[in-house]
>>> print(open('work14.cif').read())   # mmCIF, C-alpha atoms
data_input
#
loop_
_atom_site.label_atom_id
_atom_site.label_comp_id
_atom_site.auth_asym_id
_atom_site.auth_seq_id
_atom_site.Cartn_x
_atom_site.Cartn_y
_atom_site.Cartn_z
CA MET Z 1 17.71 -6.99 14.21
CA SER Z 2 18.57 -3.41 15.18
CA ARG Z 3 15.82 -0.88 14.59
CA ALA Z 4 15.75 2.78 13.71
CA LEU Z 5 13.32 4.91 15.74
CA PRO Z 6 10.43 4.92 13.21
CA GLY Z 7 10.23 1.12 13.41
CA LEU Z 8 10.05 0.81 17.19
CA THR Z 9 6.82 0.11 19.05
CA LEU Z 10 5.87 1.95 22.22
CA ASP Z 11 6.71 -1.09 24.33
CA GLU Z 12 10.15 -1.35 22.73
CA LEU Z 13 10.77 2.35 23.30
CA GLU Z 14 9.79 1.95 26.93
CA HIS Z 15 12.37 -0.82 27.27
CA GLU Z 16 15.06 1.24 25.49
CA LEU Z 17 14.42 4.46 27.42
CA GLY Z 18 13.62 2.95 30.79
CA SER Z 19 10.13 4.39 31.28
CA ARG Z 20 6.73 4.67 29.63
CA THR Z 21 6.71 8.43 30.07
CA ARG Z 22 9.97 8.85 28.16
CA ALA Z 23 8.71 6.54 25.42
CA LEU Z 24 5.54 8.60 25.01
CA GLU Z 25 7.54 11.82 24.83
CA ALA Z 26 9.86 10.31 22.22
CA LEU Z 27 6.93 9.39 20.01
CA LYS Z 28 5.33 12.81 20.45
CA TRP Z 29 8.62 14.43 19.41
CA LEU Z 30 9.06 12.16 16.40
CA TRP Z 31 5.60 12.78 14.98
CA SER Z 32 5.59 16.52 15.66
CA GLN Z 33 8.47 17.14 13.23
CA ARG Z 34 7.51 19.24 10.23
CA PRO Z 35 9.75 19.58 8.31
CA LEU Z 36 11.34 16.30 9.29
CA ALA Z 37 14.53 16.26 11.29
CA ALA Z 38 17.56 15.04 9.34
CA ALA Z 39 18.87 13.06 12.32
CA LEU Z 40 18.12 12.43 15.96
CA PRO Z 41 19.22 15.39 18.12
CA GLU Z 42 21.38 14.99 21.20
CA ALA Z 43 18.41 15.91 23.38
CA ILE Z 44 14.62 16.21 23.18
CA PRO Z 45 12.16 17.83 25.64
CA GLU Z 46 11.04 15.83 28.67
CA VAL Z 47 13.58 13.01 28.22
CA SER Z 48 16.74 12.83 30.30
CA HIS Z 49 19.82 13.72 28.26
CA ARG Z 50 21.65 10.93 30.08
CA VAL Z 51 19.17 8.38 28.70
CA TRP Z 52 18.47 9.88 25.30
CA LYS Z 53 22.01 10.52 24.07
CA PRO Z 54 23.20 6.89 24.11
CA PHE Z 55 19.83 5.75 22.71
CA ALA Z 56 20.12 8.19 19.80
CA ALA Z 57 23.70 7.09 19.14
CA ARG Z 58 22.80 3.40 18.82
CA THR Z 59 19.41 3.83 17.15
CA GLY Z 60 19.36 6.56 14.52
CA LEU Z 61 16.50 7.92 12.41
CA THR Z 62 17.03 6.34 8.95
CA LEU Z 63 14.90 8.67 6.85
CA PRO Z 64 15.30 8.55 3.06
CA THR Z 65 16.37 11.31 0.75
CA VAL Z 66 13.88 12.50 -1.85
CA ALA Z 67 15.55 11.66 -5.17
CA GLN Z 68 12.63 12.92 -7.22
CA ARG Z 69 9.22 14.49 -6.69
CA LEU Z 70 6.57 14.63 -9.43
CA GLU Z 71 3.15 16.24 -9.07
CA SER Z 72 0.12 15.51 -11.24
CA PRO Z 73 -2.41 18.23 -12.15
CA ASP Z 74 -4.91 16.56 -9.78
CA GLY Z 75 -2.50 17.04 -6.86
CA THR Z 76 -1.26 13.45 -6.70
CA THR Z 77 2.43 13.48 -5.80
CA LYS Z 78 4.89 10.66 -6.48
CA TYR Z 79 8.13 10.48 -4.51
CA ALA Z 80 11.23 8.55 -5.47
CA LEU Z 81 12.78 7.86 -2.07
CA ASP Z 82 16.36 6.69 -1.64
CA PHE Z 83 17.23 4.42 1.27
CA SER Z 84 21.04 4.16 1.15
CA GLY Z 85 21.11 3.38 -2.56
CA THR Z 86 17.81 1.53 -2.83
CA GLN Z 87 15.06 3.58 -4.42
CA VAL Z 88 11.33 2.98 -4.02
CA GLU Z 89 8.26 4.97 -4.97
CA THR Z 90 5.63 6.40 -2.65
CA VAL Z 91 2.48 8.26 -3.67
CA ARG Z 92 0.41 10.88 -1.83
CA ILE Z 93 -3.18 11.11 -3.10
CA PRO Z 94 -5.19 14.11 -1.86
CA ALA Z 95 -8.96 14.06 -1.44
CA LYS Z 96 -11.50 16.25 0.30
CA GLY Z 97 -10.46 16.47 3.95
CA ARG Z 98 -7.74 13.82 3.83
CA SER Z 99 -4.77 12.38 1.99
CA THR Z 100 -3.99 8.74 1.37
CA ILE Z 101 -0.36 7.59 1.33
CA CYS Z 102 0.47 4.62 -0.89
CA ILE Z 103 3.63 2.97 0.40
CA SER Z 104 5.91 0.20 -0.87
CA SER Z 105 6.76 -2.94 1.08
CA GLN Z 106 9.55 -4.20 -1.18
CA ALA Z 107 12.05 -2.73 -3.61
CA GLY Z 108 10.90 -4.45 -6.76
CA CYS Z 109 8.51 -7.35 -6.36
CA THR Z 110 8.54 -11.11 -5.89
CA ARG Z 111 5.46 -11.57 -8.10
CA LYS Z 112 5.04 -11.54 -11.88
CA CYS Z 113 1.65 -9.94 -12.52
CA VAL Z 114 1.59 -9.22 -16.26
CA PHE Z 115 -0.17 -5.85 -15.94
CA CYS Z 116 2.13 -4.37 -13.27
CA ALA Z 117 5.19 -2.33 -14.23
CA THR Z 118 6.99 -3.14 -10.97
CA LYS Z 119 7.61 -6.70 -12.17
CA GLU Z 120 10.14 -5.29 -14.65
CA LEU Z 121 12.52 -4.66 -11.74
CA GLY Z 122 12.48 -8.21 -10.45
CA PHE Z 123 13.07 -8.49 -6.71
CA ILE Z 124 15.73 -6.22 -5.20
CA ARG Z 125 15.22 -6.50 -1.44
CA GLN Z 126 12.70 -6.48 1.39
CA LEU Z 127 12.01 -3.17 3.09
CA LYS Z 128 12.18 -2.89 6.86
CA ALA Z 129 9.22 -1.65 8.85
CA GLU Z 130 11.02 1.61 9.63
CA GLU Z 131 11.49 2.22 5.89
CA MET Z 132 7.77 1.73 5.32
CA VAL Z 133 6.88 4.08 8.18
CA ALA Z 134 9.46 6.58 6.91
CA GLN Z 135 7.68 6.70 3.54
CA PHE Z 136 4.53 7.73 5.37
CA MET Z 137 6.46 10.32 7.37
CA VAL Z 138 7.92 11.98 4.26
CA ALA Z 139 4.60 12.18 2.42
CA ARG Z 140 2.67 13.15 5.57
CA ALA Z 141 5.00 16.08 6.22
CA GLU Z 142 4.02 17.60 2.86
CA ALA Z 143 0.28 16.90 3.02
CA PRO Z 144 -1.87 20.05 2.92
CA VAL Z 145 -3.31 21.22 6.24
CA GLU Z 146 -6.81 20.86 4.79
CA ALA Z 147 -6.07 17.28 3.67
CA PRO Z 148 -3.94 15.64 6.38
CA ALA Z 149 -2.51 12.16 5.85
CA SER Z 150 -5.04 9.94 7.61
CA ASN Z 151 -5.05 6.86 5.38
CA VAL Z 152 -2.35 4.39 4.35
CA VAL Z 153 -2.49 1.74 1.66
CA PHE Z 154 0.21 -0.88 1.19
CA MET Z 155 -0.32 -0.80 -2.58
CA GLY Z 156 3.04 0.47 -3.79
CA MET Z 157 5.92 -1.68 -4.96
CA GLY Z 158 6.01 -5.27 -3.75
CA GLU Z 159 3.79 -8.03 -2.41
CA PRO Z 160 3.17 -7.21 1.27
CA PHE Z 161 2.47 -10.81 2.26
CA ASP Z 162 5.94 -11.85 1.06
CA ASN Z 163 7.34 -9.48 3.70
CA LEU Z 164 4.62 -9.95 6.28
CA ASP Z 165 6.62 -9.70 9.53
CA GLU Z 166 7.82 -6.23 8.60
CA VAL Z 167 4.44 -5.16 7.23
CA LEU Z 168 2.64 -6.21 10.42
CA ARG Z 169 5.18 -4.29 12.48
CA ALA Z 170 4.69 -1.20 10.29
CA VAL Z 171 0.91 -1.47 10.71
CA ASN Z 172 1.31 -1.71 14.48
CA VAL Z 173 3.54 1.38 14.55
CA LEU Z 174 1.21 3.39 12.31
CA THR Z 175 -1.81 2.61 14.50
CA GLN Z 176 -0.22 2.98 17.93
CA SER Z 177 -0.87 5.74 20.45
CA PRO Z 178 -0.02 8.50 21.07
CA ALA Z 179 1.14 8.95 17.47
CA PRO Z 180 0.56 8.65 14.60
CA GLN Z 181 -2.54 6.79 15.88
CA LEU Z 182 -4.18 5.97 12.55
CA ARG Z 183 -7.33 3.90 12.79
CA ALA Z 184 -6.79 0.24 11.91
CA VAL Z 185 -9.63 0.49 9.41
CA SER Z 186 -7.77 3.37 7.70
CA VAL Z 187 -4.73 1.19 7.02
CA THR Z 188 -5.24 -1.20 4.11
CA VAL Z 189 -2.87 -3.99 3.13
CA SER Z 190 -3.21 -5.22 -0.43
CA THR Z 191 -2.25 -8.67 -1.67
CA SER Z 192 -2.12 -10.34 -5.04
CA GLY Z 193 -3.34 -13.47 -3.31
CA VAL Z 194 -0.59 -15.23 -1.34
CA LEU Z 195 -2.66 -17.74 0.60
CA PRO Z 196 -0.31 -18.51 3.55
CA GLY Z 197 0.20 -14.78 4.16
CA LEU Z 198 -3.51 -14.11 3.77
CA GLN Z 199 -4.35 -16.69 6.43
CA ARG Z 200 -1.83 -15.23 8.86
CA PHE Z 201 -2.85 -11.63 8.21
CA LEU Z 202 -6.52 -12.38 8.82
CA ALA Z 203 -5.62 -14.08 12.10
CA GLU Z 204 -3.16 -11.46 13.40
CA SER Z 205 -4.21 -8.03 12.13
CA LYS Z 206 -7.25 -5.77 12.43
CA ALA Z 207 -6.18 -3.67 9.45
CA SER Z 208 -8.27 -3.56 6.32
CA LEU Z 209 -7.58 -5.97 3.48
CA ALA Z 210 -7.58 -5.54 -0.28
CA LEU Z 211 -7.47 -8.62 -2.49
CA SER Z 212 -6.36 -8.03 -6.05
CA LEU Z 213 -8.72 -10.41 -7.86
CA ASN Z 214 -8.79 -9.12 -11.45
CA ALA Z 215 -10.65 -12.05 -13.03
CA THR Z 216 -13.66 -14.27 -12.47
CA THR Z 217 -12.19 -17.50 -13.86
CA ASP Z 218 -8.96 -19.27 -13.00
CA GLU Z 219 -8.05 -19.41 -16.69
CA VAL Z 220 -8.07 -15.63 -17.12
CA ARG Z 221 -6.58 -14.91 -13.70
CA THR Z 222 -3.65 -17.24 -14.41
CA GLN Z 223 -3.07 -15.32 -17.67
CA VAL Z 224 -2.51 -12.04 -15.85
CA MET Z 225 -1.40 -13.37 -12.43
CA PRO Z 226 0.63 -16.60 -12.87
CA GLN Z 227 0.63 -17.38 -9.12
CA ASN Z 228 -3.06 -18.25 -9.50
CA LYS Z 229 -1.86 -21.74 -10.49
CA THR Z 230 -0.74 -22.18 -6.88
CA TRP Z 231 -3.53 -20.28 -5.10
CA PRO Z 232 -6.69 -20.28 -7.27
CA ILE Z 233 -9.68 -18.04 -6.80
CA ALA Z 234 -11.75 -20.46 -4.69
CA SER Z 235 -8.99 -20.89 -2.09
CA LEU Z 236 -8.60 -17.14 -1.61
CA LEU Z 237 -12.29 -16.32 -1.45
CA GLY Z 238 -12.85 -19.25 0.88
CA GLU Z 239 -10.52 -17.62 3.40
CA LEU Z 240 -12.35 -14.29 3.11
CA ARG Z 241 -15.68 -16.03 3.61
CA ALA Z 242 -14.39 -17.79 6.74
CA ASP Z 243 -12.97 -14.50 8.07
CA ALA Z 244 -16.33 -12.81 7.57
CA VAL Z 245 -17.93 -15.46 9.78
CA ARG Z 246 -15.17 -15.25 12.39
CA THR Z 247 -15.19 -11.44 12.62
CA LYS Z 248 -18.95 -11.09 12.06
CA GLY Z 249 -18.24 -9.00 8.98
CA LYS Z 250 -16.43 -6.27 10.92
CA ARG Z 251 -13.25 -6.22 8.84
CA GLN Z 252 -13.12 -3.72 6.00
CA THR Z 253 -12.46 -5.83 2.89
CA PHE Z 254 -11.90 -4.53 -0.60
CA VAL Z 255 -11.84 -6.56 -3.80
CA GLU Z 256 -9.65 -4.87 -6.39
CA TYR Z 257 -10.68 -5.66 -9.96
CA VAL Z 258 -8.54 -4.24 -12.76
CA LEU Z 259 -10.60 -4.05 -15.94
CA PHE Z 260 -8.84 -5.10 -19.15
CA GLY Z 261 -10.58 -4.36 -22.42
CA GLY Z 262 -11.94 -7.50 -24.04
CA LEU Z 263 -10.49 -9.83 -21.40
CA ASN Z 264 -12.39 -9.60 -18.10
CA ASP Z 265 -14.95 -6.84 -18.67
CA THR Z 266 -17.94 -8.71 -20.13
CA ASP Z 267 -21.47 -8.94 -18.75
CA ASP Z 268 -20.74 -12.58 -17.87
CA ASP Z 269 -17.71 -11.47 -15.86
CA ALA Z 270 -19.83 -8.95 -13.97
CA ASP Z 271 -22.40 -11.64 -13.14
CA ARG Z 272 -19.73 -14.15 -12.07
CA LEU Z 273 -18.07 -11.53 -9.86
CA VAL Z 274 -21.32 -11.03 -7.97
CA GLN Z 275 -21.70 -14.79 -7.53
CA LEU Z 276 -18.10 -15.25 -6.36
CA LEU Z 277 -18.49 -12.63 -3.63
CA ALA Z 278 -21.62 -14.15 -2.08
CA GLY Z 279 -21.11 -14.36 1.68
CA ILE Z 280 -18.19 -11.92 1.69
CA PRO Z 281 -19.03 -8.41 3.01
CA SER Z 282 -16.84 -6.35 0.72
CA ARG Z 283 -16.55 -3.38 -1.57
CA VAL Z 284 -15.45 -3.86 -5.16
CA ASN Z 285 -13.04 -1.29 -6.54
CA LEU Z 286 -13.08 -1.31 -10.33
CA ILE Z 287 -9.79 -0.03 -11.75
CA PRO Z 288 -9.56 0.71 -15.47
CA TYR Z 289 -6.20 -0.71 -16.54
CA ASN Z 290 -3.38 1.84 -16.37
CA PRO Z 291 -1.21 0.89 -19.32
CA TYR Z 292 2.50 0.70 -19.87
CA PRO Z 293 4.33 -0.54 -22.97
CA GLY Z 294 4.67 -4.18 -23.94
CA THR Z 295 1.90 -5.96 -22.01
CA GLY Z 296 -0.51 -6.50 -24.89
CA LEU Z 297 -3.34 -5.45 -22.55
CA ARG Z 298 -5.62 -2.53 -23.20
CA THR Z 299 -7.80 -0.15 -21.23
CA PRO Z 300 -11.57 -0.59 -21.69
CA SER Z 301 -13.66 2.32 -22.88
CA GLU Z 302 -15.29 4.56 -20.29
CA GLU Z 303 -18.65 3.34 -21.56
CA GLN Z 304 -17.69 -0.28 -20.90
CA VAL Z 305 -16.37 0.54 -17.42
CA ARG Z 306 -19.66 2.23 -16.55
CA ARG Z 307 -21.67 -0.68 -17.99
CA PHE Z 308 -19.73 -3.25 -15.93
CA HIS Z 309 -20.07 -1.09 -12.82
CA GLN Z 310 -23.80 -0.65 -13.21
CA ARG Z 311 -24.38 -4.37 -13.78
CA VAL Z 312 -22.58 -5.21 -10.53
CA VAL Z 313 -24.37 -2.49 -8.56
CA ASP Z 314 -27.76 -3.55 -9.91
CA GLN Z 315 -27.20 -6.97 -8.31
CA GLY Z 316 -26.72 -5.48 -4.85
CA VAL Z 317 -22.92 -5.35 -4.56
CA LEU Z 318 -21.22 -2.18 -3.29
CA CYS Z 319 -18.98 -1.18 -6.18
CA LEU Z 320 -16.99 1.97 -6.97
CA VAL Z 321 -14.85 2.93 -9.94
CA ARG Z 322 -11.34 4.09 -9.08
CA TRP Z 323 -10.70 6.42 -11.98
CA PRO Z 324 -6.95 7.01 -12.53
CA ARG Z 325 -5.12 9.41 -10.24
CA GLY Z 326 -1.61 10.44 -11.19
CA ARG Z 327 -1.47 8.54 -14.50
CA GLU Z 328 0.31 11.55 -16.07
CA ILE Z 329 3.30 10.98 -13.76
CA ALA Z 330 3.20 7.15 -13.81
CA ALA Z 331 1.83 7.14 -10.25
CA ALA Z 332 -1.40 5.25 -10.91
CA CYS Z 333 -2.15 1.68 -9.88
CA GLY Z 334 0.30 -0.75 -11.51
CA GLN Z 335 2.69 1.90 -12.83
CA LEU Z 336 5.33 2.09 -10.09
CA VAL Z 337 8.78 1.02 -11.22
CA ARG Z 338 12.03 2.38 -9.84
CA SER Z 339 15.50 0.86 -10.17
CA THR Z 340 18.47 1.14 -7.82
CA SER Z 341 20.10 3.40 -10.41
CA GLY Z 342 17.14 5.77 -10.10
CA GLU Z 343 15.74 5.09 -13.55
CA GLY Z 344 11.98 5.35 -13.45
CA PHE Z 345 9.05 4.73 -15.73
CA SER Z 346 8.67 8.14 -17.34
CA PRO Z 347 5.47 10.07 -17.92
CA SER Z 348 6.26 10.19 -21.66
CA GLU Z 349 6.26 6.39 -21.81
CA VAL Z 350 2.84 6.38 -20.13
CA ASP Z 351 1.45 8.82 -22.69
CA GLY Z 352 2.74 6.64 -25.49
CA ALA Z 353 0.93 3.61 -24.10
CA LEU Z 354 -2.51 5.21 -23.88
#
>>> encode(input="work14.cif", output="C-alpha cells")
Amino acid sequence: MSRALPGLTLDELEHELGSRTRALEALKWLWSQRPLAAALPEAIPEVSHRVWKPFAARTGLTLPTVAQRLESPDGTTKYALDFSGTQVETVRIPAKGRSTICISSQAGCTRKCVFCATKELGFIRQLKAEEMVAQFMVARAEAPVEAPASNVVFMGMGEPFDNLDEVLRAVNVLTQSPAPQLRAVSVTVSTSGVLPGLQRFLAESKASLALSLNATTDEVRTQVMPQNKTWPIASLLGELRADAVRTKGKRQTFVEYVLFGGLNDTDDDADRLVQLLAGIPSRVNLIPYNPYPGTGLRTPSEEQVRRFHQRVVDQGVLCLVRWPRGREIAAACGQLVRSTSGEGFSPSEVDGAL
C-alpha cells in the first residue's frame, strides 16, 4: 500500500530518502508547518533536491480540507474534515496547559452501540494511518500556544480495533522521534470491547487503553452494546487483569462508564463496578450520557452522577466524572456523526434531546 508522508515511519522515510539524516530532516520539516502546507514543496532544507523531488512526486501529503469548524463556548472545537469526499469529525479539547485531540479511526462505525450517534451512518470505510495522523496535524496547528496538543485519544468515529493495523501504525508515527514525539502514555486507544483486537493491542502497543464498559451486568451491557453477546464482560476484564500482571500495572488503563438514568446508575451498579475491577489498576471515567434523538435513553441527574461517583470513590477506586465538553456543538462523547454528503448532527438537534 502506498503511503502519504504523514503515515510513514522514520525507518520507512530513511529507506525512501536514502539516509537517516534526510529522514530526520523531513520529519522536522513536516511537523514545523504552521499553518500547514497545502502540498509537498519541490525542495526542503537539508535534503538533496535530487532525492526529495521524486520522493515528493510519488508520495504526496494527503491533508484534508476543513469542511466545517464549530467552536463551543468552553473552547472545544469540532472539525468536519474531508478526505477526498469522505468526511469525518475530529475534536480539539483545550485544558490548562494542554489540548487533547480526539480523532476518528473509521468513517462511520462497524459497531451498533445504541447510545452512539455514529452508528446511524453505518460503516463507510476504514481510515488510513496517514488520515488519522492528518486529523491530529490539522487540530494541532490551531491549538493555542498556551495549550499545545500533547494528548491524543482514538475516541472519535469508529471502532479502532476493527482497523487495528492502521491504528497501530498511527500510534507509532505519533510517538516517534524527532516529531511529533508524543508520550505513549499520552496516546489512548478506546475500544467498545473487541476481544481479538484487545488481545493484540495489549501484546503489541505501549499506548494507553480505554475500555468502554458502560454496564455491570451482561444483560444491561447487551442492551446498549449488542456485541457483548460475543465478548461478555468477564472475557474483556480477564484480559485486562492478565495484562496488569504481565506489565506489572505499568499500562495506563481507563474504564469508560457512560451513565444512563435509571439503567446502570444504581448503588448496586456502583458496588458491582468496584468488584469487577478488582485486580485491574485503572481509572474509571464516569460519563453522563450525551443524548441524541430516538435512543430512549436519558441522562441521569447531576445529583445521581455525584452519588454514583462518591460511592465508587469511597470503596477505593480512582474515579473521575467527565462532565460534557462541546455538547452544544454535538462534539461530546457519543455525538459524532458525519455523512459523506457532509450532513452532520446539528447542535439544534442536541438541544432538543436534552
>>> atom_distance(input="work14.cif", atom1="atom CA of Z:Leu36", atom2="atom CA of Z:Ser19")
25.0 Å
>>> atom_distance(input="work14.cif", atom1="atom CA of Z:Leu240", atom2="atom CA of Z:Gly193")
11.1 Å
>>> resolve_selection(input="work14.cif", expression="the PyMOL selection byres ((chain Z and resi 127) around 12)", output="compact mmCIF listing (two decimals) with C-alpha atoms, in the frame of the given file")
# COMPACT_ATOMS: atom_id res chain seq x y z
CA GLY Z 7 10.23 1.12 13.41
CA ASP Z 82 16.36 6.69 -1.64
CA PHE Z 83 17.23 4.42 1.27
CA SER Z 84 21.04 4.16 1.15
CA THR Z 86 17.81 1.53 -2.83
CA GLN Z 87 15.06 3.58 -4.42
CA VAL Z 88 11.33 2.98 -4.02
CA ILE Z 103 3.63 2.97 0.40
CA SER Z 104 5.91 0.20 -0.87
CA SER Z 105 6.76 -2.94 1.08
CA GLN Z 106 9.55 -4.20 -1.18
CA ALA Z 107 12.05 -2.73 -3.61
CA GLY Z 108 10.90 -4.45 -6.76
CA CYS Z 109 8.51 -7.35 -6.36
CA PHE Z 123 13.07 -8.49 -6.71
CA ILE Z 124 15.73 -6.22 -5.20
CA ARG Z 125 15.22 -6.50 -1.44
CA GLN Z 126 12.70 -6.48 1.39
CA LYS Z 128 12.18 -2.89 6.86
CA ALA Z 129 9.22 -1.65 8.85
CA GLU Z 130 11.02 1.61 9.63
CA GLU Z 131 11.49 2.22 5.89
CA MET Z 132 7.77 1.73 5.32
CA VAL Z 133 6.88 4.08 8.18
CA ALA Z 134 9.46 6.58 6.91
CA GLN Z 135 7.68 6.70 3.54
CA GLY Z 156 3.04 0.47 -3.79
CA MET Z 157 5.92 -1.68 -4.96
CA GLY Z 158 6.01 -5.27 -3.75
CA GLU Z 159 3.79 -8.03 -2.41
CA PRO Z 160 3.17 -7.21 1.27
CA ASP Z 162 5.94 -11.85 1.06
CA ASN Z 163 7.34 -9.48 3.70
CA LEU Z 164 4.62 -9.95 6.28
CA ASP Z 165 6.62 -9.70 9.53
CA GLU Z 166 7.82 -6.23 8.60
CA VAL Z 167 4.44 -5.16 7.23
CA ARG Z 169 5.18 -4.29 12.48
CA ALA Z 170 4.69 -1.20 10.29
>>> atom_distance(input="work14.cif", atom1="atom CA of Z:Leu70", atom2="atom CA of Z:Val91")
9.5 Å
>>> residues_around(input="work14.cif", residues="Z:Pro178", least_positions_apart="6", cutoff="8 Å", atoms="all atoms listed in the file", output="mmCIF file with C-alpha atoms, in the coordinates of the input")
data_model
loop_
_atom_site.group_PDB
_atom_site.id
_atom_site.type_symbol
_atom_site.label_atom_id
_atom_site.label_comp_id
_atom_site.auth_asym_id
_atom_site.auth_seq_id
_atom_site.Cartn_x
_atom_site.Cartn_y
_atom_site.Cartn_z
ATOM 1 C CA LEU Z 24 5.540 8.600 25.010
ATOM 2 C CA LEU Z 27 6.930 9.390 20.010
ATOM 3 C CA LYS Z 28 5.330 12.810 20.450
#
>>> decode(input="work14.cif", residues="stretch 5-29 of chain Z", atoms="N, CA and C atoms", output="PDB file, in the first residue's frame")
ATOM      1  N   LEU Z   5       3.089  11.033   3.208  1.00  0.00           N
ATOM      2  CA  LEU Z   5       4.144  11.333   4.176  1.00  0.00           C
ATOM      3  C   LEU Z   5       3.696  11.234   5.639  1.00  0.00           C
ATOM      4  N   PRO Z   6       2.511  11.723   6.017  1.00  0.00           N
ATOM      5  CA  PRO Z   6       2.162  11.646   7.447  1.00  0.00           C
ATOM      6  C   PRO Z   6       2.042  10.229   7.989  1.00  0.00           C
ATOM      7  N   GLY Z   7       1.921   9.232   7.120  1.00  0.00           N
ATOM      8  CA  GLY Z   7       1.772   7.859   7.580  1.00  0.00           C
ATOM      9  C   GLY Z   7       3.041   7.045   7.556  1.00  0.00           C
ATOM     10  N   LEU Z   8       4.163   7.670   7.219  1.00  0.00           N
ATOM     11  CA  LEU Z   8       5.430   6.945   7.121  1.00  0.00           C
ATOM     12  C   LEU Z   8       6.202   7.001   8.440  1.00  0.00           C
ATOM     13  N   THR Z   9       6.798   5.885   8.800  1.00  0.00           N
ATOM     14  CA  THR Z   9       7.650   5.842   9.989  1.00  0.00           C
ATOM     15  C   THR Z   9       9.038   6.360   9.631  1.00  0.00           C
ATOM     16  N   LEU Z  10       9.828   6.641  10.631  1.00  0.00           N
ATOM     17  CA  LEU Z  10      11.191   7.120  10.411  1.00  0.00           C
ATOM     18  C   LEU Z  10      12.009   6.111   9.606  1.00  0.00           C
ATOM     19  N   ASP Z  11      11.869   4.837   9.928  1.00  0.00           N
ATOM     20  CA  ASP Z  11      12.613   3.810   9.194  1.00  0.00           C
ATOM     21  C   ASP Z  11      12.202   3.777   7.724  1.00  0.00           C
ATOM     22  N   GLU Z  12      10.914   3.932   7.459  1.00  0.00           N
ATOM     23  CA  GLU Z  12      10.445   3.937   6.070  1.00  0.00           C
ATOM     24  C   GLU Z  12      10.949   5.175   5.334  1.00  0.00           C
ATOM     25  N   LEU Z  13      10.959   6.304   6.022  1.00  0.00           N
ATOM     26  CA  LEU Z  13      11.499   7.521   5.400  1.00  0.00           C
ATOM     27  C   LEU Z  13      12.982   7.374   5.095  1.00  0.00           C
ATOM     28  N   GLU Z  14      13.707   6.745   5.997  1.00  0.00           N
ATOM     29  CA  GLU Z  14      15.131   6.506   5.754  1.00  0.00           C
ATOM     30  C   GLU Z  14      15.327   5.676   4.492  1.00  0.00           C
ATOM     31  N   HIS Z  15      14.495   4.652   4.330  1.00  0.00           N
ATOM     32  CA  HIS Z  15      14.585   3.812   3.128  1.00  0.00           C
ATOM     33  C   HIS Z  15      14.253   4.624   1.874  1.00  0.00           C
ATOM     34  N   GLU Z  16      13.204   5.449   1.960  1.00  0.00           N
ATOM     35  CA  GLU Z  16      12.753   6.222   0.795  1.00  0.00           C
ATOM     36  C   GLU Z  16      13.765   7.298   0.401  1.00  0.00           C
ATOM     37  N   LEU Z  17      14.382   7.941   1.397  1.00  0.00           N
ATOM     38  CA  LEU Z  17      15.260   9.078   1.125  1.00  0.00           C
ATOM     39  C   LEU Z  17      16.738   8.712   1.107  1.00  0.00           C
ATOM     40  N   GLY Z  18      17.041   7.489   1.482  1.00  0.00           N
ATOM     41  CA  GLY Z  18      18.418   7.017   1.340  1.00  0.00           C
ATOM     42  C   GLY Z  18      19.342   7.329   2.486  1.00  0.00           C
ATOM     43  N   SER Z  19      18.855   7.986   3.553  1.00  0.00           N
ATOM     44  CA  SER Z  19      19.705   8.239   4.717  1.00  0.00           C
ATOM     45  C   SER Z  19      18.861   8.622   5.919  1.00  0.00           C
ATOM     46  N   ARG Z  20      19.400   8.312   7.097  1.00  0.00           N
ATOM     47  CA  ARG Z  20      18.706   8.651   8.347  1.00  0.00           C
ATOM     48  C   ARG Z  20      18.633  10.159   8.513  1.00  0.00           C
ATOM     49  N   THR Z  21      19.695  10.844   8.162  1.00  0.00           N
ATOM     50  CA  THR Z  21      19.747  12.292   8.325  1.00  0.00           C
ATOM     51  C   THR Z  21      18.650  12.970   7.516  1.00  0.00           C
ATOM     52  N   ARG Z  22      18.485  12.539   6.269  1.00  0.00           N
ATOM     53  CA  ARG Z  22      17.420  13.128   5.437  1.00  0.00           C
ATOM     54  C   ARG Z  22      16.040  12.826   6.025  1.00  0.00           C
ATOM     55  N   ALA Z  23      15.870  11.610   6.525  1.00  0.00           N
ATOM     56  CA  ALA Z  23      14.583  11.237   7.109  1.00  0.00           C
ATOM     57  C   ALA Z  23      14.257  12.115   8.312  1.00  0.00           C
ATOM     58  N   LEU Z  24      15.244  12.364   9.160  1.00  0.00           N
ATOM     59  CA  LEU Z  24      15.042  13.221  10.323  1.00  0.00           C
ATOM     60  C   LEU Z  24      14.685  14.643   9.902  1.00  0.00           C
ATOM     61  N   GLU Z  25      15.360  15.147   8.897  1.00  0.00           N
ATOM     62  CA  GLU Z  25      15.067  16.498   8.413  1.00  0.00           C
ATOM     63  C   GLU Z  25      13.670  16.577   7.818  1.00  0.00           C
ATOM     64  N   ALA Z  26      13.247  15.521   7.139  1.00  0.00           N
ATOM     65  CA  ALA Z  26      11.899  15.507   6.548  1.00  0.00           C
ATOM     66  C   ALA Z  26      10.833  15.566   7.638  1.00  0.00           C
ATOM     67  N   LEU Z  27      11.040  14.823   8.704  1.00  0.00           N
ATOM     68  CA  LEU Z  27      10.075  14.849   9.806  1.00  0.00           C
ATOM     69  C   LEU Z  27      10.071  16.207  10.508  1.00  0.00           C
ATOM     70  N   LYS Z  28      11.251  16.761  10.699  1.00  0.00           N
ATOM     71  CA  LYS Z  28      11.322  18.089  11.331  1.00  0.00           C
ATOM     72  C   LYS Z  28      10.578  19.116  10.486  1.00  0.00           C
ATOM     73  N   TRP Z  29      10.743  19.040   9.165  1.00  0.00           N
ATOM     74  CA  TRP Z  29      10.042  19.971   8.282  1.00  0.00           C
ATOM     75  C   TRP Z  29       8.533  19.776   8.396  1.00  0.00           C
TER      76      TRP Z  29
END
